[in-house]
Amino acid sequence: MARPGKLVKDAPPYRKMAAILFVRRNESAVYFEDAVDVSETLAFIDAWNAKEGNPRLTLFSLVLFGLARTLHEHPRLNRFVAGRKLYQRDGGWLSFAAKKSMEPKAPLVEVKREFAENESLADFLGDMQSRVGEAKSDKESKLDREVRFFMKIPHLLLIFFVWLVRVVDFWGLLPASFIRDDPFFASAFLANLGSVGGAAAYHHLYEYGDIPLFCVLGRVRDEVVAVDGKPEVRKVARLRFSYDERIEDGFNAIRALATLREKLERPTSFIA
């Protein structure tokens with residue numbers, strides 16, 4: 001039984017105090033928006049997908065891969081607050097949601113994955129194809145089985161059980177096997193509203209689990225931007241973030257977002 005990370009003992013006093021004073025993630029949430037010029041990115045994606053043998057690449061999968069690399073380069077953002085203490089997470093874990101199909105009644109599925117620091121783009125995409133394909137199939141996942149089991153429990157008893165899980169989690173006593181596959185224990189959660197033609201939204205943070213960062217990708221649009229001081233129509237995608245400020249200050253958060261934007265706008269760095 002343990003946290004999915006190590007206690008940050010050298011955190012400055014104000015950071016430790018923030019974890020004590022501000023109890024909930026959503027009362028500690030800060031919201032960011034970043035506009036990413038994806039003109040070169042989309043050309044990179046087209047060239048990648050045109051090459052025979054390459055696993056399929058999408059803008060959202062590139063955002064996933066880029067955010068994972070950014071968290072490895074900015075490990076202070078790969079932290080979380082639990083039990084009113086600050087922890088450094090072990091490994092880079094991202095969760096994301098996907099619809100099983102584009103039918104209105106199709107359910108959402110959640111996928112959680114660890115991203116190794118030196119993983120190649122091709123290896124990541126190959127593994128993702130397998131994971132997403134399995135998640136969208138009719139095969140029942142472990143999470144599906146667990147949800148089906150819990151929904152058989154009487155309502156009041158289920159409420160008590162969820163409360164008990166929160167208490168046990170507060171004291172860091174949840175088994176590692178419980179946390180490992182749970183998508184709400186991760187470095188960040190991502191959603192792609194652009195895939196259904198939607199704009200990026202500011203999503204709330206989950207109080208259950210320990211995720212301190214939520215990222216939403218919106219649709220790609222033509223926008224007028226300044227290029228070398230002159231107006232030019234470019235392809236732009238907006239990313240919106242909800243961020244638990246208890247884990248790190250705004251200075252380092254902005255630096256991390258700048259790193260992610262640079263990676264997405266210059267995607268050849270992913271295969272360098």
# chains A, B, ... in the order shown; residues from 1 in each chain; ligands from 1
>>> residues_around(residues="Glu248 (chain A)", least_positions_apart="6", cutoff="8 Å", atoms="only C-alpha atoms", output="list in words")
Arg15, Arg76 and Leu77 of chain A
>>> write_last_selection(atoms="C-alpha atoms", output="JSON list (two decimals), in the first residue's frame")
[["chain", "number", "residue", "atom", "x", "y", "z"],
["A", 15, "ARG", "CA", 4.02, 25.14, -1.31],
["A", 76, "ARG", "CA", 7.89, 19.59, -11.08],
["A", 77, "LEU", "CA", 4.58, 19.62, -12.95]]
>>> select_by_dssp(residues="region 1-159 of chain A", states="helix (DSSP H, G or I)", output="PyMOL selection string")
chain A and resi 13-21+39-50+59-73+75-77+121-136+142-150+155-159
>>> residues_around(residues="Phe96 (chain A)", least_positions_apart="2", cutoff="8 Å", atoms="only C-alpha atoms", output="PyMOL selection string")
chain A and resi 94+98+110-112+183+189-191
>>> write_last_selection(atoms="N, CA, C and O atoms", output="mmCIF file, in the first residue's frame")
data_model
loop_
_atom_site.group_PDB
_atom_site.id
_atom_site.type_symbol
_atom_site.label_atom_id
_atom_site.label_comp_id
_atom_site.auth_asym_id
_atom_site.auth_seq_id
_atom_site.Cartn_x
_atom_site.Cartn_y
_atom_site.Cartn_z
ATOM 1 N N LEU A 94 -0.648 9.236 -18.480
ATOM 2 C CA LEU A 94 -1.705 10.058 -19.052
ATOM 3 C C LEU A 94 -2.956 9.212 -19.255
ATOM 4 O O LEU A 94 -2.880 8.045 -19.654
ATOM 5 N N ALA A 98 -12.294 8.524 -24.965
ATOM 6 C CA ALA A 98 -12.640 8.361 -26.378
ATOM 7 C C ALA A 98 -14.026 7.721 -26.473
ATOM 8 O O ALA A 98 -14.397 6.914 -25.628
ATOM 9 N N GLU A 110 -12.272 5.123 -21.140
ATOM 10 C CA GLU A 110 -11.074 5.787 -20.633
ATOM 11 C C GLU A 110 -9.876 4.870 -20.815
ATOM 12 O O GLU A 110 -9.966 3.667 -20.551
ATOM 13 N N VAL A 111 -8.780 5.450 -21.265
ATOM 14 C CA VAL A 111 -7.541 4.709 -21.456
ATOM 15 C C VAL A 111 -6.461 5.379 -20.618
ATOM 16 O O VAL A 111 -6.328 6.603 -20.627
ATOM 17 N N LYS A 112 -5.692 4.572 -19.901
ATOM 18 C CA LYS A 112 -4.586 5.085 -19.099
ATOM 19 C C LYS A 112 -3.308 4.400 -19.562
ATOM 20 O O LYS A 112 -3.291 3.192 -19.787
ATOM 21 N N PRO A 183 -7.939 5.189 -14.199
ATOM 22 C CA PRO A 183 -7.569 6.351 -15.027
ATOM 23 C C PRO A 183 -7.586 7.679 -14.281
ATOM 24 O O PRO A 183 -7.101 8.682 -14.811
ATOM 25 N N PHE A 189 -5.197 14.306 -17.480
ATOM 26 C CA PHE A 189 -6.302 13.714 -18.238
ATOM 27 C C PHE A 189 -6.523 14.600 -19.457
ATOM 28 O O PHE A 189 -6.510 15.834 -19.346
ATOM 29 N N LEU A 190 -6.729 13.982 -20.634
ATOM 30 C CA LEU A 190 -6.901 14.736 -21.869
ATOM 31 C C LEU A 190 -8.205 14.351 -22.552
ATOM 32 O O LEU A 190 -8.667 13.212 -22.448
ATOM 33 N N ALA A 191 -8.778 15.310 -23.263
ATOM 34 C CA ALA A 191 -9.988 15.076 -24.048
ATOM 35 C C ALA A 191 -9.852 15.800 -25.378
ATOM 36 O O ALA A 191 -9.244 16.869 -25.459
#
>>> residues_around(residues="Tyr208 (chain A)", least_positions_apart="4", cutoff="9 Å", atoms="only C-alpha atoms", output="PDB file with C-alpha atoms, in the first residue's frame")
ATOM      1  CA  ARG A 166     -11.642   8.397  -0.271  1.00  0.00           C
ATOM      2  CA  PHE A 184      -8.202   8.954 -12.309  1.00  0.00           C
ATOM      3  CA  PHE A 185      -4.743   8.404 -10.815  1.00  0.00           C
TER       4      PHE A 185
END
>>> residues_around(residues="Tyr31 (chain A)", least_positions_apart="3", cutoff="9 Å", atoms="only C-alpha atoms", output="list in words")
Tyr202, Arg240, Phe241, Ser242 and Tyr243 of chain A
>>> write_last_selection(atoms="all heavy atoms", output="short mmCIF file (atom, residue, chain, number, x, y, z; two decimals), in the first residue's frame")
data_model
loop_
_atom_site.label_atom_id
_atom_site.label_comp_id
_atom_site.auth_asym_id
_atom_site.auth_seq_id
_atom_site.Cartn_x
_atom_site.Cartn_y
_atom_site.Cartn_z
N TYR A 202 -12.98 24.47 -20.90
CA TYR A 202 -12.29 24.38 -19.62
C TYR A 202 -13.00 23.30 -18.80
O TYR A 202 -14.17 23.46 -18.44
CB TYR A 202 -12.32 25.71 -18.88
CG TYR A 202 -11.49 26.79 -19.53
CD1 TYR A 202 -12.10 27.90 -20.10
CD2 TYR A 202 -10.11 26.70 -19.56
CE1 TYR A 202 -11.35 28.90 -20.68
CE2 TYR A 202 -9.34 27.69 -20.14
CZ TYR A 202 -9.96 28.79 -20.70
OH TYR A 202 -9.22 29.77 -21.29
N ARG A 240 -6.85 24.11 -23.91
CA ARG A 240 -7.26 24.75 -22.66
C ARG A 240 -6.96 23.80 -21.51
O ARG A 240 -7.22 22.60 -21.57
CB ARG A 240 -8.74 25.13 -22.71
CG ARG A 240 -8.95 26.34 -23.61
CD ARG A 240 -10.37 26.81 -23.65
NE ARG A 240 -10.45 28.08 -24.40
CZ ARG A 240 -11.48 28.46 -25.11
NH1 ARG A 240 -12.55 27.69 -25.19
NH2 ARG A 240 -11.48 29.61 -25.75
N PHE A 241 -6.40 24.39 -20.45
CA PHE A 241 -5.90 23.62 -19.32
C PHE A 241 -6.58 24.06 -18.03
O PHE A 241 -6.78 25.25 -17.80
CB PHE A 241 -4.40 23.81 -19.15
CG PHE A 241 -3.57 23.42 -20.34
CD1 PHE A 241 -3.32 24.33 -21.37
CD2 PHE A 241 -3.04 22.15 -20.44
CE1 PHE A 241 -2.56 23.98 -22.46
CE2 PHE A 241 -2.27 21.78 -21.54
CZ PHE A 241 -2.03 22.70 -22.55
N SER A 242 -6.91 23.09 -17.21
CA SER A 242 -7.30 23.32 -15.82
C SER A 242 -6.18 22.73 -14.97
O SER A 242 -5.81 21.57 -15.16
CB SER A 242 -8.63 22.65 -15.50
OG SER A 242 -9.62 23.05 -16.42
N TYR A 243 -5.67 23.52 -14.03
CA TYR A 243 -4.39 23.19 -13.39
C TYR A 243 -4.48 23.43 -11.89
O TYR A 243 -4.94 24.49 -11.45
CB TYR A 243 -3.31 24.05 -14.06
CG TYR A 243 -2.00 24.14 -13.34
CD1 TYR A 243 -1.14 23.06 -13.28
CD2 TYR A 243 -1.60 25.33 -12.73
CE1 TYR A 243 0.08 23.16 -12.62
CE2 TYR A 243 -0.39 25.44 -12.08
CZ TYR A 243 0.45 24.35 -12.03
OH TYR A 243 1.65 24.45 -11.39
#
>>> closest_residue(among="A:Ile271, A:Val109, A:Leu257, A:Leu193", to="Arg219 (chain A)", atoms="only C-alpha atoms")
A:Leu193
>>> residues_around(residues="Gly66 (chain A)", least_positions_apart="6", cutoff="7 Å", atoms="only C-alpha atoms", output="MDAnalysis selection string")
chainID A and resid 260 263:264
>>> residues_around(residues="Leu125 (chain A)", least_positions_apart="4", cutoff="7 Å", atoms="only C-alpha atoms", output="list in words")
Pro55, Arg56, Leu57, Leu121 and Gln129 of chain A
>>> write_last_selection(atoms="C-alpha atoms", output="PDB file, in the first residue's frame")
ATOM      1  CA  PRO A  55       1.206   3.637 -37.585  1.00  0.00           C
ATOM      2  CA  ARG A  56      -1.483   6.290 -38.004  1.00  0.00           C
ATOM      3  CA  LEU A  57      -0.768   9.686 -36.465  1.00  0.00           C
ATOM      4  CA  LEU A 121       6.878   8.157 -31.650  1.00  0.00           C
ATOM      5  CA  GLN A 129      -3.516   1.619 -31.928  1.00  0.00           C
TER       6      GLN A 129
END
